[in-house]
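A.B. asks: For reference, this is coords.cif, and it has mmCIF, C-alpha atoms and all ligand atoms.
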```cif
data_protein
loop_
_atom_site.label_atom_id
_atom_site.label_comp_id
_atom_site.auth_asym_id
_atom_site.auth_seq_id
_atom_site.Cartn_x
_atom_site.Cartn_y
_atom_site.Cartn_z
CA MET A 209 0.03 -23.33 15.47
CA LYS A 210 2.74 -20.65 15.50
CA ALA A 211 1.86 -16.94 15.50
CA TRP A 212 3.55 -13.65 16.29
CA GLN A 213 1.87 -11.82 19.16
CA VAL A 214 2.08 -8.29 20.55
CA PHE A 215 1.62 -8.13 24.34
CA GLU A 216 2.67 -4.49 24.77
CA HIS A 217 3.12 -1.65 22.27
CA GLY A 218 6.54 -0.65 20.97
CA GLU A 219 8.94 -1.16 18.06
CA PRO A 220 8.10 -4.42 16.19
CA ALA A 221 11.54 -5.99 16.75
CA GLU A 222 11.17 -5.49 20.51
CA VAL A 223 7.53 -6.33 21.19
CA LEU A 224 6.74 -9.19 18.81
CA LYS A 225 6.91 -12.69 20.37
CA LEU A 226 6.63 -15.90 18.34
CA ASN A 227 4.36 -18.23 20.33
CA GLU A 228 2.60 -21.55 20.05
CA VAL A 229 -1.09 -20.58 20.24
CA GLU A 230 -4.46 -22.31 19.92
CA MET A 231 -6.03 -22.52 16.48
CA PRO A 232 -8.45 -19.53 16.20
CA GLU A 233 -12.19 -20.29 16.03
CA PRO A 234 -14.10 -18.50 13.23
CA GLY A 235 -17.00 -16.31 14.42
CA PRO A 236 -20.20 -15.71 12.43
CA GLY A 237 -19.43 -14.82 8.80
CA GLN A 238 -15.78 -15.75 9.26
CA VAL A 239 -13.51 -18.46 7.86
CA LEU A 240 -10.23 -19.98 8.97
CA VAL A 241 -7.46 -19.34 6.42
CA ARG A 242 -4.14 -21.18 6.13
CA VAL A 243 -1.68 -18.37 5.44
CA LEU A 244 0.37 -18.93 2.27
CA ALA A 245 1.89 -15.43 2.24
CA ALA A 246 1.52 -12.31 4.38
CA ALA A 247 2.47 -9.01 2.71
CA LEU A 248 3.82 -6.54 5.30
CA ASN A 249 2.32 -3.04 5.38
CA PHE A 250 3.25 0.22 7.10
CA PRO A 251 0.10 -0.11 9.27
CA ASP A 252 1.58 -3.33 10.75
CA VAL A 253 4.41 -1.20 12.16
CA LEU A 254 1.90 1.34 13.47
CA LEU A 255 -0.22 -1.47 14.98
CA CYS A 256 2.80 -2.75 16.94
CA ARG A 257 3.53 0.79 18.13
CA GLY A 258 -0.13 1.33 19.13
CA GLN A 259 -0.29 4.28 16.72
CA TYR A 260 -2.74 2.91 14.14
CA GLN A 261 -6.35 4.12 13.95
CA VAL A 262 -7.44 0.60 14.98
CA ARG A 263 -6.08 -0.67 18.32
CA PRO A 264 -6.86 -4.39 18.69
CA PRO A 265 -7.00 -5.75 22.26
CA LEU A 266 -3.67 -7.13 23.55
CA PRO A 267 -2.35 -9.66 22.81
CA PHE A 268 -2.99 -9.56 19.07
CA THR A 269 -1.38 -10.95 15.92
CA PRO A 270 -0.61 -8.24 13.31
CA GLY A 271 -0.68 -8.78 9.54
CA VAL A 272 -3.34 -6.95 7.53
CA GLU A 273 -2.94 -8.54 4.09
CA LEU A 274 -2.60 -12.14 2.96
CA CYS A 275 -2.86 -14.81 0.32
CA GLY A 276 -4.18 -18.01 1.83
CA GLU A 277 -6.22 -21.15 1.44
CA VAL A 278 -9.67 -21.33 3.05
CA VAL A 279 -9.76 -24.33 5.39
CA GLY A 280 -12.58 -26.63 4.28
CA THR A 281 -12.97 -25.41 0.68
CA GLY A 282 -9.31 -25.11 -0.34
CA GLN A 283 -10.09 -21.91 -2.26
CA ARG A 284 -7.01 -19.71 -2.81
CA VAL A 285 -7.90 -16.18 -1.74
CA ILE A 286 -6.43 -12.76 -1.05
CA GLY A 287 -7.63 -9.97 1.22
CA ASN A 288 -7.62 -8.55 4.73
CA PRO A 289 -7.68 -10.86 7.75
CA ALA A 290 -9.78 -10.02 10.82
CA LEU A 291 -7.66 -8.63 13.65
CA PRO A 292 -6.77 -9.63 16.33
CA GLN A 293 -6.05 -12.87 14.38
CA GLY A 294 -3.90 -11.26 11.66
CA ALA A 295 -1.75 -12.79 8.95
CA LEU A 296 1.55 -13.14 10.84
CA GLY A 297 0.90 -16.73 11.86
CA GLU A 298 0.31 -20.10 10.26
CA TYR A 299 -3.46 -19.53 10.27
CA ALA A 300 -5.62 -16.38 10.39
CA LEU A 301 -9.29 -15.51 10.58
CA ALA A 302 -11.05 -13.45 7.94
CA ASN A 303 -14.55 -12.15 7.30
CA GLU A 304 -15.77 -13.91 4.17
CA GLU A 305 -16.73 -10.56 2.64
CA ASP A 306 -13.11 -9.37 2.90
CA LEU A 307 -11.73 -12.21 0.75
CA PHE A 308 -11.44 -12.36 -3.05
CA PRO A 309 -10.27 -15.05 -5.50
CA ALA A 310 -6.46 -14.97 -5.79
CA PRO A 311 -5.29 -14.05 -9.33
CA LEU A 312 -4.03 -17.20 -11.07
CA ALA A 313 -1.36 -15.15 -12.86
CA LEU A 314 0.44 -14.34 -9.59
CA ASP A 315 2.39 -16.51 -7.14
CA ASP A 316 1.44 -16.41 -3.44
CA ALA A 317 3.78 -13.54 -2.52
CA ALA A 318 2.69 -11.35 -5.44
CA ALA A 319 -1.00 -12.22 -4.97
CA ALA A 320 -0.81 -11.26 -1.27
CA SER A 321 0.63 -7.89 -2.36
CA MET A 322 -2.09 -7.13 -4.91
CA HIS A 323 -4.81 -6.07 -2.50
CA ILE A 324 -4.27 -2.96 -0.33
CA ALA A 325 -1.64 -1.09 -2.35
CA TYR A 326 -3.24 -1.72 -5.75
CA GLN A 327 -6.80 -1.08 -4.56
CA THR A 328 -5.55 2.17 -2.99
CA GLY A 329 -3.77 3.06 -6.22
CA TRP A 330 -6.81 2.29 -8.34
CA PHE A 331 -9.27 4.22 -6.13
CA GLY A 332 -6.85 7.13 -5.84
CA LEU A 333 -5.90 7.46 -9.49
CA HIS A 334 -9.24 6.62 -11.09
CA ARG A 335 -12.08 7.29 -8.67
CA ARG A 336 -10.65 10.23 -6.72
CA ALA A 337 -8.26 11.93 -9.18
CA ASN A 338 -9.85 10.89 -12.50
CA LEU A 339 -6.44 10.32 -14.13
CA GLN A 340 -6.62 10.53 -17.93
CA ALA A 341 -4.43 8.93 -20.59
CA GLY A 342 -1.77 11.40 -21.67
CA GLU A 343 -1.70 13.22 -18.32
CA THR A 344 1.47 13.46 -16.23
CA LEU A 345 1.46 11.54 -12.94
CA LEU A 346 4.08 12.22 -10.25
CA VAL A 347 4.51 9.41 -7.69
CA HIS A 348 6.39 9.97 -4.43
CA ALA A 349 8.08 7.00 -2.70
CA ALA A 350 7.73 5.24 -6.04
CA GLU A 351 9.75 2.32 -4.75
CA GLY A 352 7.55 1.77 -1.71
CA GLY A 353 4.66 -0.68 -1.52
CA VAL A 354 1.96 1.84 -2.30
CA GLY A 355 4.06 3.96 -4.67
CA SER A 356 5.28 1.07 -6.85
CA ALA A 357 1.65 0.01 -7.38
CA ALA A 358 0.72 3.57 -8.41
CA VAL A 359 3.55 3.63 -10.99
CA GLN A 360 2.28 0.44 -12.66
CA LEU A 361 -1.36 1.54 -12.55
CA GLY A 362 -0.44 4.97 -13.92
CA LYS A 363 1.37 3.40 -16.86
CA ALA A 364 -1.53 0.98 -17.43
CA ALA A 365 -3.84 4.03 -17.59
CA GLY A 366 -1.71 5.61 -20.31
CA ALA A 367 -0.19 8.37 -18.15
CA ARG A 368 3.36 9.64 -18.34
CA VAL A 369 4.87 8.73 -14.96
CA ILE A 370 7.54 10.64 -13.04
CA ALA A 371 8.85 8.57 -10.12
CA VAL A 372 10.53 10.13 -7.08
CA VAL A 373 12.80 7.80 -5.07
CA GLY A 374 15.27 8.23 -2.22
CA GLY A 375 18.72 7.01 -3.25
CA PRO A 376 20.66 5.96 -6.36
CA ASP A 377 20.13 2.23 -5.77
CA LYS A 378 16.39 2.71 -6.26
CA THR A 379 16.44 4.54 -9.59
CA GLU A 380 17.05 1.52 -11.82
CA VAL A 381 14.22 -0.43 -10.18
CA ALA A 382 11.86 2.51 -10.72
CA ARG A 383 12.73 2.47 -14.42
CA LYS A 384 12.03 -1.27 -14.57
CA LEU A 385 8.63 -0.58 -12.98
CA GLY A 386 7.88 1.48 -16.09
CA ALA A 387 8.47 5.07 -14.92
CA ASP A 388 9.25 7.44 -17.80
CA VAL A 389 11.29 9.85 -15.67
CA VAL A 390 13.04 8.93 -12.40
CA VAL A 391 14.21 11.48 -9.82
CA ASP A 392 16.50 10.67 -6.90
CA ARG A 393 15.18 13.17 -4.33
CA ARG A 394 18.48 13.05 -2.43
CA ALA A 395 20.49 14.19 -5.47
CA GLU A 396 18.01 16.34 -7.42
CA ASN A 397 15.24 18.84 -6.76
CA PHE A 398 12.08 17.06 -7.97
CA ILE A 399 10.21 20.37 -8.39
CA LEU A 400 12.71 21.55 -11.02
CA VAL A 401 12.67 18.19 -12.82
CA VAL A 402 8.85 18.14 -13.01
CA LYS A 403 8.78 21.70 -14.39
CA GLU A 404 11.52 20.90 -16.89
CA VAL A 405 9.96 17.73 -18.30
CA THR A 406 6.46 19.28 -18.49
CA ASP A 407 7.62 22.55 -20.12
CA GLY A 408 6.67 24.44 -16.98
CA ARG A 409 3.09 23.06 -16.79
CA GLY A 410 3.59 20.78 -13.80
CA ALA A 411 2.12 17.37 -12.96
CA ASP A 412 -1.61 16.77 -13.45
CA VAL A 413 -1.90 14.17 -10.68
CA ILE A 414 0.46 13.78 -7.73
CA TYR A 415 0.33 10.60 -5.63
CA ASP A 416 1.69 11.35 -2.16
CA PRO A 417 2.14 8.60 0.46
CA VAL A 418 4.88 10.64 2.23
CA GLY A 419 3.59 14.08 3.34
CA GLY A 420 6.01 16.66 4.82
CA ASP A 421 8.48 18.04 2.26
CA ALA A 422 7.04 15.79 -0.46
CA TYR A 423 3.68 17.51 -0.07
CA ALA A 424 5.20 21.01 0.16
CA GLY A 425 7.15 20.41 -3.07
CA SER A 426 4.09 18.95 -4.78
CA ALA A 427 2.12 22.15 -4.27
CA LYS A 428 4.92 23.96 -6.11
CA CYS A 429 4.84 21.74 -9.21
CA VAL A 430 1.19 20.79 -9.58
CA ALA A 431 -0.44 21.78 -12.90
CA PHE A 432 -3.41 24.08 -13.47
CA GLU A 433 -6.46 21.92 -12.55
CA GLY A 434 -4.06 19.37 -11.02
CA ARG A 435 -4.98 16.96 -8.22
CA ILE A 436 -2.74 16.15 -5.24
CA LEU A 437 -3.74 12.81 -3.73
CA VAL A 438 -3.19 12.64 0.03
CA ILE A 439 -2.38 8.94 0.57
CA GLY A 440 -0.25 8.77 3.71
CA PHE A 441 2.44 10.31 5.90
CA ALA A 442 5.33 7.83 5.77
CA GLY A 443 7.70 10.78 6.31
CA GLY A 444 6.11 11.33 9.71
CA THR A 445 4.88 14.92 9.16
CA VAL A 446 1.25 15.72 8.42
CA PRO A 447 1.22 18.81 6.16
CA ALA A 448 -0.99 21.81 6.96
CA PRO A 449 -1.61 23.17 3.45
CA ALA A 450 -2.40 26.81 2.74
CA LEU A 451 -5.85 26.83 1.15
CA ASN A 452 -5.24 30.23 -0.45
CA HIS A 453 -2.48 28.52 -2.44
CA ALA A 454 -4.93 25.90 -3.74
CA LEU A 455 -7.23 28.73 -4.75
CA VAL A 456 -4.72 30.95 -6.53
CA LYS A 457 -3.12 28.01 -8.40
CA ASN A 458 -6.46 26.31 -9.13
CA TYR A 459 -5.64 22.78 -7.93
CA SER A 460 -7.38 20.18 -5.74
CA ILE A 461 -6.19 18.45 -2.58
CA VAL A 462 -7.89 15.06 -2.58
CA GLY A 463 -7.93 12.72 0.42
CA LEU A 464 -8.26 8.95 0.15
CA HIS A 465 -8.96 6.40 2.89
CA TRP A 466 -9.42 3.19 0.91
CA GLY A 467 -10.63 1.12 3.88
CA LEU A 468 -13.71 3.34 4.25
CA TYR A 469 -15.14 1.94 1.00
CA LYS A 470 -15.87 -1.26 2.97
CA GLN A 471 -18.47 0.76 4.89
CA HIS A 472 -19.68 2.99 2.07
CA ASN A 473 -19.62 0.92 -1.12
CA ARG A 474 -18.22 -2.62 -1.00
CA GLN A 475 -19.25 -3.31 -4.57
CA LEU A 476 -16.61 -0.85 -5.76
CA ILE A 477 -13.93 -2.98 -4.05
CA THR A 478 -15.20 -6.12 -5.80
CA ASP A 479 -15.31 -4.30 -9.16
CA CYS A 480 -11.78 -3.01 -8.60
CA HIS A 481 -10.56 -6.53 -7.74
CA GLU A 482 -11.87 -7.78 -11.08
CA LYS A 483 -10.11 -4.98 -12.97
CA LEU A 484 -6.86 -5.64 -11.11
CA THR A 485 -7.12 -9.38 -11.80
CA ASP A 486 -7.47 -8.61 -15.53
CA LEU A 487 -4.45 -6.28 -15.37
CA ALA A 488 -2.44 -9.02 -13.60
CA GLU A 489 -3.39 -11.46 -16.35
CA GLN A 490 -2.25 -8.98 -19.01
CA GLY A 491 1.05 -8.49 -17.14
CA ASP A 492 0.35 -4.78 -16.36
CA VAL A 493 0.18 -5.46 -12.62
CA ASP A 494 3.12 -7.37 -11.21
CA PRO A 495 3.84 -6.47 -7.58
CA LEU A 496 7.48 -5.61 -6.85
CA ILE A 497 8.65 -8.08 -4.20
CA GLY A 498 11.72 -6.74 -2.40
CA GLY A 499 12.02 -9.50 0.18
CA ARG A 500 10.72 -12.99 0.95
CA LEU A 501 11.08 -13.95 4.60
CA ALA A 502 10.36 -17.00 6.73
CA LEU A 503 7.85 -16.57 9.57
CA TYR A 504 10.60 -16.22 12.20
CA GLU A 505 12.11 -13.28 10.24
CA ALA A 506 8.94 -11.14 10.26
CA PRO A 507 10.17 -8.57 12.87
CA GLU A 508 13.26 -7.85 10.72
CA GLY A 509 10.97 -7.09 7.79
CA LEU A 510 8.80 -4.78 9.86
CA ALA A 511 11.88 -2.96 11.21
CA LYS A 512 13.06 -2.32 7.63
CA LEU A 513 9.62 -1.08 6.63
CA GLY A 514 9.44 1.23 9.65
CA ALA A 515 12.82 2.73 8.79
CA GLY A 516 11.80 3.43 5.15
CA GLU A 517 14.52 1.01 3.96
CA SER A 518 12.36 -1.51 2.10
CA VAL A 519 11.99 -1.74 -1.66
CA GLY A 520 8.58 -2.82 -2.96
CA ARG A 521 6.86 -5.37 -0.74
CA ILE A 522 8.34 -7.55 1.97
CA VAL A 523 6.40 -10.81 2.17
CA VAL A 524 6.43 -13.41 4.93
CA LEU A 525 5.94 -17.02 3.80
CA PRO A 526 4.99 -19.14 6.86
N1 LIG B 601 -4.80 6.20 2.13
C1 LIG B 601 -4.92 4.90 2.18
O1 LIG B 601 -6.02 4.35 2.04
C2 LIG B 601 -3.67 4.08 2.36
C3 LIG B 601 -3.64 2.73 2.01
C4 LIG B 601 -2.44 2.03 2.19
C5 LIG B 601 -1.32 2.67 2.71
N2 LIG B 601 -1.40 3.99 3.06
C6 LIG B 601 -0.24 4.72 3.61
O2 LIG B 601 0.74 4.91 2.61
C7 LIG B 601 2.00 5.12 3.24
C8 LIG B 601 3.08 4.32 2.53
O3 LIG B 601 2.86 2.94 2.76
P1 LIG B 601 3.81 1.85 2.10
O4 LIG B 601 3.29 0.53 2.51
O5 LIG B 601 4.01 2.16 0.65
O6 LIG B 601 5.19 2.15 2.87
P2 LIG B 601 6.68 1.89 2.38
O7 LIG B 601 6.75 0.77 1.40
O8 LIG B 601 7.50 1.82 3.61
O9 LIG B 601 7.07 3.21 1.60
C9 LIG B 601 7.29 4.41 2.27
C10 LIG B 601 8.39 5.17 1.56
O10 LIG B 601 8.31 6.53 1.96
C11 LIG B 601 9.55 7.13 1.69
N3 LIG B 601 9.93 8.02 2.79
C12 LIG B 601 10.24 9.31 2.66
N4 LIG B 601 10.56 9.83 3.84
C13 LIG B 601 10.47 8.85 4.75
C14 LIG B 601 10.69 8.79 6.15
N5 LIG B 601 11.07 9.86 6.86
N6 LIG B 601 10.49 7.59 6.80
C15 LIG B 601 10.07 6.51 6.11
N7 LIG B 601 9.84 6.52 4.77
C16 LIG B 601 10.04 7.69 4.09
C17 LIG B 601 10.58 6.02 1.51
O11 LIG B 601 10.89 5.96 0.13
P3 LIG B 601 12.04 6.86 -0.55
O12 LIG B 601 13.17 6.95 0.43
O13 LIG B 601 12.39 6.12 -1.79
O14 LIG B 601 11.44 8.21 -0.83
C18 LIG B 601 9.81 4.77 1.89
O15 LIG B 601 10.24 3.64 1.18
C19 LIG B 601 1.82 4.77 4.72
O16 LIG B 601 1.72 5.97 5.45
C20 LIG B 601 0.51 4.00 4.74
O17 LIG B 601 -0.15 4.11 5.98
C21 LIG B 601 -2.56 4.70 2.89
#
```
Take the structure from the file and write it as structure tokens.

C.D. replies:
Amino acid sequence: MKAWQVFEHGEPAEVLKLNEVEMPEPGPGQVLVRVLAAALNFPDVLLCRGQYQVRPPLPFTPGVELCGEVVGTGQRVIGNPALPQGALGEYALANEEDLFPAPLALDDAAAASMHIAYQTGWFGLHRRANLQAGETLLVHAAEGGVGSAAVQLGKAAGARVIAVVGGPDKTEVARKLGADVVVDRRAENFILVVKEVTDGRGADVIYDPVGGDAYAGSAKCVAFEGRILVIGFAGGTVPAPALNHALVKNYSIVGLHWGLYKQHNRQLITDCHEKLTDLAEQGDVDPLIGGRLALYEAPEGLAKLGAGESVGRIVVLP
């Protein structure tokens, strides 16, 4: 079978090699999955660079999210494959407990994209930030994989959603995602827009996958009793917030590491999958697919993702 492999760390386009490799053998509790679609994630870029919190032994095949067919049963599933046999190949391995029935309402590319970003969005907005209908939700990088999911989930929860995007070409797509207010951060100051559209109150929940200036601005336009969700640092800078500011303005800084729920409470992930499947059936969850690539084009997709140039999800269809 064909699979992309990383033999040394570096930029995806330089270090990924497409090789003919032996079919992987499932270990205890694992299954072999024929990959139907692999949704690319920022951590795939970090894995290639050797900068992710998990460093699989070299050589490894990246790809942390897939839709596939279990060999032997034919069941169509979504979930996280087991590195080092990731999703960027014709077949991958996965722990059975990390796979869930693929939503019938979604095609392979969309189904592959419904796991990490939407689970993260759901846990962030509902479990960690307790978002309420009628509240104002500000989403940074609202066009990105994680951000676009948060926009849809925020709307499904009855929130008013302000989407921040980088560039005029992204604003129309953010409106189509359902955002009530769209801010191009390159042309407008999002802090002023948030204050203006909330009559000075600020945003109740802020979903931040970017860090850096996005975080700094968020602290300036978060509402009384607001919650800033720390989701990621796609901008490359990890903020060092002033805790006295959180005290005097009476807001919360809430961290989320979705993957940790696998260790602490797997049932919550299963429950969330069922809720997301229902939302997909109702049409409230419909992952934004910004690119469909053949297997040989995977490094191009990862390069775009690493440069912050992708819109929605880039999916590889082997
Ligand atoms: N906490 C968790 O459990 C969890 C789970 C999944 C992912 N994450 C993290 O969430 C983050 C976003 O992931 P994603 O898959 O949504 O990535 P993505 O699709 O590439 O989106 C990132 C977006 O960030 C914005 N951005 C702003 N400044 C940037 C810069 N200097 N370089 C690159 N992008 C910049 C860009 O949008 P604009 O230009 O439109 O602003 C870009 O599209 C990653 O850090 C990832 O590790 C965390």

A.B. asks: Please write as an mmCIF file with C-alpha atoms, in the coordinates of the input the list of polymer residues whose atoms come within 12 Å of (3.3, 19.1, -9.4), counting all atoms listed in the file and keeping to the coordinates of the file.

C.D. replies:
```cif
data_model
loop_
_atom_site.group_PDB
_atom_site.id
_atom_site.type_symbol
_atom_site.label_atom_id
_atom_site.label_comp_id
_atom_site.auth_asym_id
_atom_site.auth_seq_id
_atom_site.Cartn_x
_atom_site.Cartn_y
_atom_site.Cartn_z
ATOM 1 C CA GLU A 343 -1.700 13.220 -18.320
ATOM 2 C CA THR A 344 1.470 13.460 -16.230
ATOM 3 C CA LEU A 345 1.460 11.540 -12.940
ATOM 4 C CA LEU A 346 4.080 12.220 -10.250
ATOM 5 C CA VAL A 347 4.510 9.410 -7.690
ATOM 6 C CA HIS A 348 6.390 9.970 -4.430
ATOM 7 C CA VAL A 369 4.870 8.730 -14.960
ATOM 8 C CA ILE A 370 7.540 10.640 -13.040
ATOM 9 C CA ALA A 371 8.850 8.570 -10.120
ATOM 10 C CA VAL A 372 10.530 10.130 -7.080
ATOM 11 C CA PHE A 398 12.080 17.060 -7.970
ATOM 12 C CA ILE A 399 10.210 20.370 -8.390
ATOM 13 C CA LEU A 400 12.710 21.550 -11.020
ATOM 14 C CA VAL A 401 12.670 18.190 -12.820
ATOM 15 C CA VAL A 402 8.850 18.140 -13.010
ATOM 16 C CA LYS A 403 8.780 21.700 -14.390
ATOM 17 C CA GLU A 404 11.520 20.900 -16.890
ATOM 18 C CA VAL A 405 9.960 17.730 -18.300
ATOM 19 C CA THR A 406 6.460 19.280 -18.490
ATOM 20 C CA GLY A 408 6.670 24.440 -16.980
ATOM 21 C CA ARG A 409 3.090 23.060 -16.790
ATOM 22 C CA GLY A 410 3.590 20.780 -13.800
ATOM 23 C CA ALA A 411 2.120 17.370 -12.960
ATOM 24 C CA ASP A 412 -1.610 16.770 -13.450
ATOM 25 C CA VAL A 413 -1.900 14.170 -10.680
ATOM 26 C CA ILE A 414 0.460 13.780 -7.730
ATOM 27 C CA TYR A 415 0.330 10.600 -5.630
ATOM 28 C CA ASP A 416 1.690 11.350 -2.160
ATOM 29 C CA ALA A 422 7.040 15.790 -0.460
ATOM 30 C CA TYR A 423 3.680 17.510 -0.070
ATOM 31 C CA ALA A 424 5.200 21.010 0.160
ATOM 32 C CA GLY A 425 7.150 20.410 -3.070
ATOM 33 C CA SER A 426 4.090 18.950 -4.780
ATOM 34 C CA ALA A 427 2.120 22.150 -4.270
ATOM 35 C CA LYS A 428 4.920 23.960 -6.110
ATOM 36 C CA CYS A 429 4.840 21.740 -9.210
ATOM 37 C CA VAL A 430 1.190 20.790 -9.580
ATOM 38 C CA ALA A 431 -0.440 21.780 -12.900
ATOM 39 C CA PHE A 432 -3.410 24.080 -13.470
ATOM 40 C CA GLU A 433 -6.460 21.920 -12.550
ATOM 41 C CA GLY A 434 -4.060 19.370 -11.020
ATOM 42 C CA ARG A 435 -4.980 16.960 -8.220
ATOM 43 C CA ILE A 436 -2.740 16.150 -5.240
ATOM 44 C CA LEU A 437 -3.740 12.810 -3.730
ATOM 45 C CA LYS A 457 -3.120 28.010 -8.400
ATOM 46 C CA TYR A 459 -5.640 22.780 -7.930
ATOM 47 C CA SER A 460 -7.380 20.180 -5.740
ATOM 48 C CA ILE A 461 -6.190 18.450 -2.580
#
```

A.B. asks: List every residue of chain A that has an atom at most 7 Å from any atom of ligand LIG 601 (chain B), giving for each one its closest atom pair and the distance in Å to one decimal, counting all atoms listed in the file, sorted by chain and then by ascending residue number, as a tab-separated table.

C.D. replies:
```
residue	atom	partner	partner_atom	distance
A:Asn249	CA	B:LIG601	O4	4.7
A:Phe250	CA	B:LIG601	O4	4.6
A:Pro251	CA	B:LIG601	O17	5.4
A:Ile324	CA	B:LIG601	C4	5.9
A:Ala325	CA	B:LIG601	C4	5.6
A:Thr328	CA	B:LIG601	C3	5.4
A:His348	CA	B:LIG601	O14	6.4
A:Ala349	CA	B:LIG601	O14	4.0
A:Ala350	CA	B:LIG601	O13	6.4
A:Glu351	CA	B:LIG601	O13	5.5
A:Gly352	CA	B:LIG601	O7	3.4
A:Gly353	CA	B:LIG601	O5	3.6
A:Val354	CA	B:LIG601	O5	3.6
A:Gly355	CA	B:LIG601	O5	5.6
A:Val372	CA	B:LIG601	O14	6.6
A:Val373	CA	B:LIG601	O13	3.7
A:Gly374	CA	B:LIG601	O13	3.6
A:Gly375	CA	B:LIG601	O13	6.6
A:Lys378	CA	B:LIG601	O13	6.9
A:Pro417	CA	B:LIG601	C7	4.5
A:Val418	CA	B:LIG601	O10	5.4
A:Val438	CA	B:LIG601	N1	7.0
A:Ile439	CA	B:LIG601	N1	4.0
A:Gly440	CA	B:LIG601	O16	3.8
A:Phe441	CA	B:LIG601	O16	4.4
A:Ala442	CA	B:LIG601	O16	4.1
A:Gly443	CA	B:LIG601	N5	3.5
A:Gly444	CA	B:LIG601	N5	5.9
A:Leu464	CA	B:LIG601	N1	4.8
A:His465	CA	B:LIG601	O1	3.7
A:Trp466	CA	B:LIG601	O1	3.8
A:Gly467	CA	B:LIG601	O1	5.9
A:Leu513	CA	B:LIG601	O8	4.7
A:Gly514	CA	B:LIG601	O8	6.4
A:Ala515	CA	B:LIG601	C15	5.4
A:Gly516	CA	B:LIG601	C15	3.7
A:Glu517	CA	B:LIG601	O15	5.7
A:Ser518	CA	B:LIG601	O15	5.6
A:Val519	CA	B:LIG601	O15	6.3
A:Gly520	CA	B:LIG601	O7	5.9
A:Arg521	CA	B:LIG601	O7	6.5
```

A.B. asks: Mind writing the picked residues with C-alpha atoms as an mmCIF file, in the frame of the given file?

C.D. replies:
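And here's result.cif as it stands now:
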```
data_model
loop_
_atom_site.group_PDB
_atom_site.id
_atom_site.type_symbol
_atom_site.label_atom_id
_atom_site.label_comp_id
_atom_site.auth_asym_id
_atom_site.auth_seq_id
_atom_site.Cartn_x
_atom_site.Cartn_y
_atom_site.Cartn_z
ATOM 1 C CA ASN A 249 2.320 -3.040 5.380
ATOM 2 C CA PHE A 250 3.250 0.220 7.100
ATOM 3 C CA PRO A 251 0.100 -0.110 9.270
ATOM 4 C CA ILE A 324 -4.270 -2.960 -0.330
ATOM 5 C CA ALA A 325 -1.640 -1.090 -2.350
ATOM 6 C CA THR A 328 -5.550 2.170 -2.990
ATOM 7 C CA HIS A 348 6.390 9.970 -4.430
ATOM 8 C CA ALA A 349 8.080 7.000 -2.700
ATOM 9 C CA ALA A 350 7.730 5.240 -6.040
ATOM 10 C CA GLU A 351 9.750 2.320 -4.750
ATOM 11 C CA GLY A 352 7.550 1.770 -1.710
ATOM 12 C CA GLY A 353 4.660 -0.680 -1.520
ATOM 13 C CA VAL A 354 1.960 1.840 -2.300
ATOM 14 C CA GLY A 355 4.060 3.960 -4.670
ATOM 15 C CA VAL A 372 10.530 10.130 -7.080
ATOM 16 C CA VAL A 373 12.800 7.800 -5.070
ATOM 17 C CA GLY A 374 15.270 8.230 -2.220
ATOM 18 C CA GLY A 375 18.720 7.010 -3.250
ATOM 19 C CA LYS A 378 16.390 2.710 -6.260
ATOM 20 C CA PRO A 417 2.140 8.600 0.460
ATOM 21 C CA VAL A 418 4.880 10.640 2.230
ATOM 22 C CA VAL A 438 -3.190 12.640 0.030
ATOM 23 C CA ILE A 439 -2.380 8.940 0.570
ATOM 24 C CA GLY A 440 -0.250 8.770 3.710
ATOM 25 C CA PHE A 441 2.440 10.310 5.900
ATOM 26 C CA ALA A 442 5.330 7.830 5.770
ATOM 27 C CA GLY A 443 7.700 10.780 6.310
ATOM 28 C CA GLY A 444 6.110 11.330 9.710
ATOM 29 C CA LEU A 464 -8.260 8.950 0.150
ATOM 30 C CA HIS A 465 -8.960 6.400 2.890
ATOM 31 C CA TRP A 466 -9.420 3.190 0.910
ATOM 32 C CA GLY A 467 -10.630 1.120 3.880
ATOM 33 C CA LEU A 513 9.620 -1.080 6.630
ATOM 34 C CA GLY A 514 9.440 1.230 9.650
ATOM 35 C CA ALA A 515 12.820 2.730 8.790
ATOM 36 C CA GLY A 516 11.800 3.430 5.150
ATOM 37 C CA GLU A 517 14.520 1.010 3.960
ATOM 38 C CA SER A 518 12.360 -1.510 2.100
ATOM 39 C CA VAL A 519 11.990 -1.740 -1.660
ATOM 40 C CA GLY A 520 8.580 -2.820 -2.960
ATOM 41 C CA ARG A 521 6.860 -5.370 -0.740
#
```

A.B. asks: Pull the neighbourhood of (11.6, -6.7, 6.2) for me: all residues within 8 Å in file coordinates, counting all atoms listed in the file, as an NGL selection string.

C.D. replies: :A and (248 or 499 or 501 or 505-513 or 518 or 522-523)

A.B. asks: Using all atoms listed in the file, find each residue in range 307-372 of chain A having at least one atom no more than 9 Å away from range 475-494 of chain A; report its shortest atom-to-atom pair and that distance in Å (one decimal), rows by chain then rising number, as CSV.

C.D. replies:
```
residue,atom,partner,partner_atom,distance
A:Phe308,CA,A:His481,CA,7.5
A:Pro309,CA,A:His481,CA,8.8
A:Ala310,CA,A:Thr485,CA,8.2
A:Pro311,CA,A:Thr485,CA,5.6
A:Leu312,CA,A:Glu489,CA,7.8
A:Ala313,CA,A:Glu489,CA,5.5
A:Leu314,CA,A:Ala488,CA,7.3
A:Ala318,CA,A:Asp494,CA,7.0
A:Ala319,CA,A:Asp494,CA,8.9
A:Met322,CA,A:Leu484,CA,8.0
A:His323,CA,A:His481,CA,7.8
A:Tyr326,CA,A:Leu484,CA,7.6
A:Gln327,CA,A:Cys480,CA,6.7
A:Trp330,CA,A:Cys480,CA,7.3
A:Phe331,CA,A:Cys480,CA,8.0
A:Ala357,CA,A:Val493,CA,7.7
A:Gln360,CA,A:Val493,CA,6.3
A:Leu361,CA,A:Val493,CA,7.2
A:Lys363,CA,A:Asp492,CA,8.3
A:Ala364,CA,A:Asp492,CA,6.2
```
